[in-house]
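Single-structure report; data block below.
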4 protein chains.
Amino acid sequence: MEDNNIIVNYIEKPDLKNVTFIEGLPGIGNVGKLAAEHLIDEVGAKKFLEIYSKHFPPQVLVDEQGLVRLVGNEMYYLKRDEAKGDLVILVGDYQGLTPEGQYDVCKRIIDIVREYELKHIYTLGGYGTGKMIEKPRVLGAVTRLGLIKKMEKAGVVFSSGEPGSGIVGASGLILGFGKLYDIDGVCLMGETSGYFVDPKGAQVVLEVLAKLLEVKIDMSDLETKAKDVDKIASKLHEIEQNLETKSKDDLTYIG
Amino acid sequence: MEDNNIIVNYIEKPDLKNVTFIEGLPGIGNVGKLAAEHLIDEVGAKKFLEIYSKHFPPQVLVDEQGLVRLVGNEMYYLKRDEAKGDLVILVGDYQGLTPEGQYDVCKRIIDIVREYELKHIYTLGGYGTGKMIEKPRVLGAVTRLGLIKKMEKAGVVFSSGEPGSGIVGASGLILGFGKLYDIDGVCLMGETSGYFVDPKGAQVVLEVLAKLLEVKIDMSDLETKAKDVDKIASKLHEIEQNLETKSKDDLTYIG
Amino acid sequence: MEDNNIIVNYIEKPDLKNVTFIEGLPGIGNVGKLAAEHLIDEVGAKKFLEIYSKHFPPQVLVDEQGLVRLVGNEMYYLKRDEAKGDLVILVGDYQGLTPEGQYDVCKRIIDIVREYELKHIYTLGGYGTGKMIEKPRVLGAVTRLGLIKKMEKAGVVFSSGEPGSGIVGASGLILGFGKLYDIDGVCLMGETSGYFVDPKGAQVVLEVLAKLLEVKIDMSDLETKAKDVDKIASKLHEIEQNLETKSKDDLTYIG
Amino acid sequence: MEDNNIIVNYIEKPDLKNVTFIEGLPGIGNVGKLAAEHLIDEVGAKKFLEIYSKHFPPQVLVDEQGLVRLVGNEMYYLKRDEAKGDLVILVGDYQGLTPEGQYDVCKRIIDIVREYELKHIYTLGGYGTGKMIEKPRVLGAVTRLGLIKKMEKAGVVFSSGEPGSGIVGASGLILGFGKLYDIDGVCLMGETSGYFVDPKGAQVVLEVLAKLLEVKIDMSDLETKAKDVDKIASKLHEIEQNLETKSKDDLTYIG
């Protein structure tokens with residue numbers, strides 16, 4: 001159940017076949033996390049294990065009622081017919097705090113899912129653009145060039161030089177480890193300003209993923225959340241403009 | 001006696017039953033540490049082990065006479081009749097310096113007390129409010145919802161959204177590990193400004209804990225210390241006000 | 001194939017004899033990395049292993065087509081006649097991020113090459129001078145005083161007090177570990193401003209190394225790169241001077 | 001010979017009895033290091049082992065001729081008649097870089113010397129006062145109160161509240177570990193401004209230590225070094241005063 005650095009707590013040991021693994025940990029705009037959590041809710045995936053580690057903050061979270069739980073990562077599964085294959089979905093409160101922690105935790109995660117018949121990996125993340133985006137694209141990166149054609153059909157954009165500096169954190173590492181073990185892997189990155197938690201970025205990622213996984217997902221929740229964030233962004237923009245106008249008025253009085 | 005990271009030095013191996021474990025390490029306002037040290041003094045608990053670790057500062061303390069000792073943590077015990085159960089109390093100079101250190105040390109601590117018949121955990125801490133508080137409340141968090149009723153009877157307040165960001169450090173981790181092992185645990189957090197070492201916060205926590213542990217504790221020492229801190233706080237406040245008055249006087253000359 | 005900290009992925013296990021090991025990881029002016037990569041290209045050395053580690057950034061690089069690969073280090077080999085001896089060349093994306101990581105990775109590297117009949121080590125690096133240099137020297141440091149004469153014949157300069165603060169990072173550590181195992185080692189440091197990636201510094205290092213290894217290396221690629229960098233440096237210098245002239249003109253208007 | 005963190009390289013395994021261990025690593029004013037190195041030179045102690053570690057900087061030092069060596073710590077020994085007992089003296093380039101590194105290295109050092117019949121430990125250091133001191137005292141701290149009388153006879157001062165914050169680093173840890181193993185230990189701290197490398201502080205420590213160890217030590221080298229440092233300090237003081245006078249003159253012109 002445990003080593004010194006990482007505790008893996010199995011709630012259940014499901015019998016899974018032809019597994020597709022999906023990673024959605026916190027990151028830029030929380031795009032991956034929002035997408036993976038929405039996927040879990042929509043397909044009714046079931047939690048089967050928890051991961052605790054010295055590489056996460058030394059912290060418990062307290063819920064509304066006063067109940068504590070250690071921060072960690074969690075895996076959910078969904079059984080499907082053998083042709084489509086089963087799903088394992090990773091979500092969590094944090095990524096590892098240090099480079100060494102990232103490595104240790106992601107290495108352990110890939111080792112856990114490799115105990116099953118692991119066929120595909122999708123890591124979900126945001127691609128920070130630094131500006132508000134009306135129609136976010138979904139950028140892709142792959143562990144094998146042969147995967148690109150299928151991804152492009154599903155709407156993924158492969159754009160030379162994007163992402164220029166590579167993919168940092170769990171979405172990169174899990175893909176990289178997967179490649180070491182010859183497992184097909186794709187990183188799906190939803191464009192996002194990076195300033196807000198971004199349900200719109202999560203939605204475009206999930207639309208692509210739904211096609212690839214052959215699942216139906218109702219996006220209304222994410223759309224509502226996206227509208228809420230848009231409203232907040234608009235208000236902030238308004239306040240900013242008012243402040244600018246005001247300061248111009250003030251200048252009139254002075255000048 | 002030791003591994004590479006943590007040395008556990010047993011002075012005695014007491015035979016303990018139906019154990020309640022109390023953690024009071026340094027933290028916000030040193031509320032937990034003051035409360036646990038006062039409890040040890042009042043009930044006459046006896047030291048039975050010392051913990052040294054690479055996760056504490058690389059330092060010895062020197063006492064008034066010139067005697068050195070390695071910084072560390074210590075456990076004390078108190079035998080009681082079997083109905084009430086025995087007590088193990090943890091105090092110390094420091095918590096682990098890094099997230100990894102916190103995890104390692106707290107994991108080891110829970111493993112040490114689990115060698116006994118561990119029934120309850122109380123972790124003691126301060127809840128920083130950022131302002132002076134006349135009548136500090138004792139906030140609570142639990143590992144099992146069924147514990148709340150008993151806590152509320154003893155005067156603990158469960159307030160939705162407090163603490164909002166969870167519980168960081170030993171008071172959180174030890175509770176979290178306890179929950180993993182299905183041990184009932186409660187964190188008792190005394191409200192404190194967080195600006196001073198706070199004997200008043202320690203007193204309210206200890207009043208609640210005394211009821212829960214069915215022990216009698218004379219609070220006069222803590223009350224004296226609290227008055228001393230109040231005096232210092234008052235003086236600082238006075239000095240501040242004088243400074244303000246003065247600067248207003250100065251302004252009169254200018255205006 | 002792996003421990004917890006470092007994964008060594010053998011593509012091939014070549015049979016090597018009388019081995020000379022050459023290290024060229026990123027560093028000051030990327031002198032060592034440029035020199036080692038150019039050497040690999042020119043002699044047609046073949047990759048035989050990859051090193052991945054928690055001590056490198058938790059990151060994959062993405063190429064122009066969208067293909068990912070974990071950041072790491074790589075070893076190449078070249079078989080030669082037994083008199084000249086075989087070559088093993090180390091290049092990579094990063095050095096270890098922390099002092100502990102540097103130590104772990106370099107210790108492992110030396111252990112890998114010591115599995116062969118290791119006779120010589122050359123570590124390649126830049127020696128930062130903080131100013132542009134027309135004719136960079138190649139400074140040397142050795143694990144055994146008897147090596148100096150041969151190095152001086154090849155054009156290496158041994159200058160008392162240079163480098164004053166020692167050699168930090170892989171070029172130093174690998175030499176230091178080599179000395180512990182009584183292996184002849186030399187660090188070749190090309191003078192470089194340290195402001196730019198410096199192909200000219202790489203060229204002078206490689207000219208010395210080519211003599212020592214008895215290989216022929218066409219430097220035209222490095223020369224072209226050096227001219228490109230020179231052009232950029234000249235342009236920056238021009239812009240700077242224009243700015244200075246301008247600001248003097250501006251002062252005329254004010255004065 | 002090695003584990004993953006620390007390499008211990010024995011040059012010789014001397015047969016030592018009734019051992020007194022003396023630590024003099026770099027620290028405040030380099031007092032301990034200067035004292036221990038001078039002791040080694042004066043008594044003609046012989047190096048018998050080297051310690052290398054990932055906890056030291058990843059670096060080789062290069063000497064005047066161009067010869068490299070890994071940074072590390074070293075132990076020297078001196079055989080004496082059985083009544084006086086043998087000496088083991090520790091010096092080095094660095095202490096461990098991190099708290100964990102300090103702990104690991106000091107733990108290993110104490111384990112190495114405990115393989116011998118270890119009777120006494122003296123750790124040597126500086127006590128920073130923040131001002132220039134004409135006649136530095138030697139402050140002490142002990143692992144056992146019974147040691148104080150002998151120390152006071154040798155001229156050591158035990159002053160309540162000095163050092164107030166304890167002893168940080170190797171001089172503290174080695175004493176602390178010694179105490180855990182019931183070995184008599186004393187820290188000798190020479191007062192020093194802390195602004196300069198301080199041979200005068202080293203001299204007073206060594207004068208006390210010479211009495212305790214019953215060795216004769218010619219201090220003329222340290223005295224010469226101390227005069228050199230004094231001259232530099234005087235010159236700096238002069239320059240400072242000139243600057244002050246000048247700026248007052250300047251003010252005259254303005255005022």
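Residue numbering restarts at 1 for every chain of the structure tokens, chains are lettered A, B, ... in their displayed order, and ligands are numbered from 1 as they appear.
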Please identify every residue of chain D that has at least one atom no farther than 6 Å from an atom of chain C, counting only C-alpha atoms, and for each give the shortest atom pair and the distance in Å to one decimal, arranged by chain then increasing number, as a tab-separated table.
```
residue	atom	partner	partner_atom	distance
D:Lys54	CA	C:Glu100	CA	4.8
D:Pro57	CA	C:Pro99	CA	5.9
D:Pro58	CA	C:Pro99	CA	5.5
D:Gln59	CA	C:Val168	CA	4.3
D:Val60	CA	C:Gly172	CA	5.2
D:Leu61	CA	C:Gly166	CA	4.2
D:Val62	CA	C:Gly166	CA	5.1
D:Glu64	CA	C:Ser160	CA	4.7
D:Gly66	CA	C:Ala141	CA	4.7
D:Leu67	CA	C:Val142	CA	5.0
D:Val68	CA	C:Thr143	CA	5.5
D:Arg69	CA	C:Gly176	CA	5.7
D:Leu70	CA	C:Gly176	CA	5.0
```
Create the file for the chosen residues now, containing C-alpha atoms and written as a PDB file, in the first residue's frame.
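So the final result, stored in result.pdb, reads:
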```
ATOM      1  CA  LYS D  54      26.206  15.268  -2.772  1.00  0.00           C
ATOM      2  CA  PRO D  57      28.714  22.047  -3.863  1.00  0.00           C
ATOM      3  CA  PRO D  58      29.034  20.173  -7.202  1.00  0.00           C
ATOM      4  CA  GLN D  59      32.493  21.525  -7.796  1.00  0.00           C
ATOM      5  CA  VAL D  60      36.206  20.796  -8.137  1.00  0.00           C
ATOM      6  CA  LEU D  61      38.865  23.195  -6.931  1.00  0.00           C
ATOM      7  CA  VAL D  62      41.818  23.885  -9.235  1.00  0.00           C
ATOM      8  CA  GLU D  64      47.919  26.951  -8.989  1.00  0.00           C
ATOM      9  CA  GLY D  66      45.981  23.283 -12.793  1.00  0.00           C
ATOM     10  CA  LEU D  67      45.356  20.146 -10.740  1.00  0.00           C
ATOM     11  CA  VAL D  68      41.712  19.502  -9.769  1.00  0.00           C
ATOM     12  CA  ARG D  69      40.257  17.898  -6.664  1.00  0.00           C
ATOM     13  CA  LEU D  70      36.657  17.374  -5.566  1.00  0.00           C
TER      14      LEU D  70
END
```
task: Quick one: pick out all helix (DSSP H, G or I) residues within stretch 60-241 of chain A from a backbone DSSP run and write them as an NGL selection string.
output: :A and (99-114 or 145-153 or 170-180 or 199-213 or 220-241)
Spatial neighbours of D:Val91, 8 Å, only C-alpha atoms, chain gap at least 6 places, as an MDAnalysis selection string: chainID D and resid 23:26 33 36:37 73:75
query: In Å, how far is it from atom CA of B:Glu240 to atom CA of B:Glu134?
result: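 Those two atoms sit 19.8 Å apart.
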Proximity to B:Met219 - best of B:Tyr122, B:Ile239, B:Lys131, B:Glu42, only C-alpha atoms: B:Glu42
task: Write down as JSON, numbers by chain the residues belonging to stretch 13-98 of chain D that are assigned strand (DSSP E) by DSSP computed on the backbone.
output: {"D": [19, 20, 21, 22, 23, 46, 47, 48, 49, 50, 51, 52, 53, 59, 60, 61, 62, 68, 69, 70, 73, 74, 75, 76, 77, 78, 87, 88, 89, 90, 91, 92]}
- prompt: What's the 12 Å shell around A:Pro199, counting only C-alpha atoms, without same-chain residues fewer than 2 positions away, as number ranges by chain?
  reply: A: 28-38, 125-126, 136, 190-194, 196-197, 201-206, 219-230
Since we have the selection now, will you write its residues out, keeping N, CA and C atoms, as a CSV table (one decimal), in the first residue's frame?
```csv
chain,number,residue,atom,x,y,z
A,28,ILE,N,-2.5,25.3,-16.0
A,28,ILE,CA,-2.9,26.6,-16.6
A,28,ILE,C,-4.4,26.7,-16.8
A,29,GLY,N,-5.0,27.7,-16.2
A,29,GLY,CA,-6.4,27.9,-16.4
A,29,GLY,C,-7.3,26.7,-15.8
A,30,ASN,N,-6.6,25.8,-15.1
A,30,ASN,CA,-7.2,24.6,-14.6
A,30,ASN,C,-8.0,23.9,-15.7
A,31,VAL,N,-7.6,24.0,-17.0
A,31,VAL,CA,-8.3,23.5,-18.1
A,31,VAL,C,-8.4,21.9,-18.0
A,32,GLY,N,-7.3,21.3,-17.7
A,32,GLY,CA,-7.3,19.8,-17.7
A,32,GLY,C,-8.1,19.3,-16.5
A,33,LYS,N,-8.0,19.9,-15.4
A,33,LYS,CA,-8.8,19.5,-14.2
A,33,LYS,C,-10.3,19.6,-14.4
A,34,LEU,N,-10.7,20.8,-14.9
A,34,LEU,CA,-12.1,21.0,-15.2
A,34,LEU,C,-12.6,20.0,-16.2
A,35,ALA,N,-11.9,19.8,-17.3
A,35,ALA,CA,-12.3,18.8,-18.3
A,35,ALA,C,-12.5,17.4,-17.7
A,36,ALA,N,-11.4,17.0,-17.0
A,36,ALA,CA,-11.4,15.6,-16.4
A,36,ALA,C,-12.5,15.4,-15.4
A,37,GLU,N,-12.8,16.4,-14.5
A,37,GLU,CA,-13.8,16.3,-13.5
A,37,GLU,C,-15.2,16.3,-14.2
A,38,HIS,N,-15.4,17.1,-15.2
A,38,HIS,CA,-16.6,17.1,-15.9
A,38,HIS,C,-16.9,15.7,-16.6
A,125,GLY,N,-4.6,19.7,-20.8
A,125,GLY,CA,-4.0,20.9,-20.2
A,125,GLY,C,-4.4,22.1,-20.9
A,126,GLY,N,-4.0,23.3,-20.4
A,126,GLY,CA,-4.2,24.6,-21.0
A,126,GLY,C,-3.0,25.0,-21.7
A,136,PRO,N,-11.2,29.3,-28.7
A,136,PRO,CA,-9.9,28.6,-28.4
A,136,PRO,C,-9.7,27.4,-29.3
A,190,GLY,N,-6.0,23.0,-24.5
A,190,GLY,CA,-7.0,24.1,-24.8
A,190,GLY,C,-6.4,25.4,-24.7
A,191,GLU,N,-6.5,26.3,-25.7
A,191,GLU,CA,-6.0,27.7,-25.5
A,191,GLU,C,-6.8,28.4,-24.4
A,192,THR,N,-6.1,29.2,-23.7
A,192,THR,CA,-6.7,29.9,-22.6
A,192,THR,C,-5.8,31.1,-22.3
A,193,SER,N,-6.5,32.2,-21.8
A,193,SER,CA,-5.7,33.3,-21.4
A,193,SER,C,-4.7,33.0,-20.3
A,194,GLY,N,-5.1,32.1,-19.4
A,194,GLY,CA,-4.2,31.8,-18.3
A,194,GLY,C,-4.5,32.7,-17.1
A,196,PHE,N,-7.7,33.3,-15.8
A,196,PHE,CA,-8.8,32.8,-15.0
A,196,PHE,C,-8.9,31.3,-15.1
A,197,VAL,N,-9.6,30.7,-14.1
A,197,VAL,CA,-10.0,29.3,-14.3
A,197,VAL,C,-10.9,29.4,-15.6
A,201,GLY,N,-12.0,26.8,-22.2
A,201,GLY,CA,-10.9,26.0,-22.6
A,201,GLY,C,-11.1,24.5,-22.3
A,202,ALA,N,-11.7,24.2,-21.1
A,202,ALA,CA,-12.0,22.8,-20.8
A,202,ALA,C,-13.1,22.2,-21.7
A,203,GLN,N,-14.0,23.1,-22.1
A,203,GLN,CA,-15.1,22.6,-23.0
A,203,GLN,C,-14.5,22.1,-24.4
A,204,VAL,N,-13.7,23.0,-25.0
A,204,VAL,CA,-13.2,22.6,-26.3
A,204,VAL,C,-12.3,21.4,-26.2
A,205,VAL,N,-11.5,21.2,-25.1
A,205,VAL,CA,-10.7,20.0,-25.0
A,205,VAL,C,-11.6,18.8,-24.9
A,206,LEU,N,-12.7,19.0,-24.1
A,206,LEU,CA,-13.6,17.8,-23.8
A,206,LEU,C,-14.4,17.5,-25.1
A,219,MET,N,-22.5,19.5,-22.2
A,219,MET,CA,-21.6,20.5,-21.8
A,219,MET,C,-22.3,21.7,-21.1
A,220,SER,N,-23.6,21.6,-20.8
A,220,SER,CA,-24.3,22.7,-20.3
A,220,SER,C,-23.7,23.3,-19.0
A,221,ASP,N,-23.3,22.4,-18.1
A,221,ASP,CA,-22.6,22.8,-16.9
A,221,ASP,C,-21.4,23.7,-17.2
A,222,LEU,N,-20.5,23.2,-18.0
A,222,LEU,CA,-19.3,24.0,-18.4
A,222,LEU,C,-19.7,25.3,-19.0
A,223,GLU,N,-20.7,25.2,-19.9
A,223,GLU,CA,-21.2,26.5,-20.6
A,223,GLU,C,-21.6,27.5,-19.6
A,224,THR,N,-22.4,27.1,-18.5
A,224,THR,CA,-22.9,28.0,-17.5
A,224,THR,C,-21.7,28.6,-16.8
A,225,LYS,N,-20.7,27.7,-16.4
A,225,LYS,CA,-19.6,28.2,-15.7
A,225,LYS,C,-18.8,29.2,-16.6
A,226,ALA,N,-18.7,28.9,-17.8
A,226,ALA,CA,-18.0,29.8,-18.8
A,226,ALA,C,-18.6,31.1,-18.8
A,227,LYS,N,-20.0,31.1,-18.8
A,227,LYS,CA,-20.7,32.4,-18.9
A,227,LYS,C,-20.4,33.2,-17.6
A,228,ASP,N,-20.4,32.5,-16.4
A,228,ASP,CA,-20.1,33.2,-15.2
A,228,ASP,C,-18.7,33.8,-15.2
A,229,VAL,N,-17.8,33.1,-15.7
A,229,VAL,CA,-16.4,33.6,-15.8
A,229,VAL,C,-16.4,34.8,-16.7
A,230,ASP,N,-17.1,34.7,-17.9
A,230,ASP,CA,-17.2,35.8,-18.8
A,230,ASP,C,-17.7,37.0,-18.2
```
field: Test item: residues at most 8 Å from A:Leu87, only C-alpha atoms, excluding those fewer than 3 positions along its chain, as a PyMOL selection string
entry: chain A and resi 19-22+77-80
- request: Would you work out the distance separating atom CA of D:Glu214 from atom CA of D:Leu39, expressed in Å to one decimal?
  value: 12.1 Å
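Going from atom CA of B:Met151 to atom CA of B:Leu212 covers 8.0 Å.
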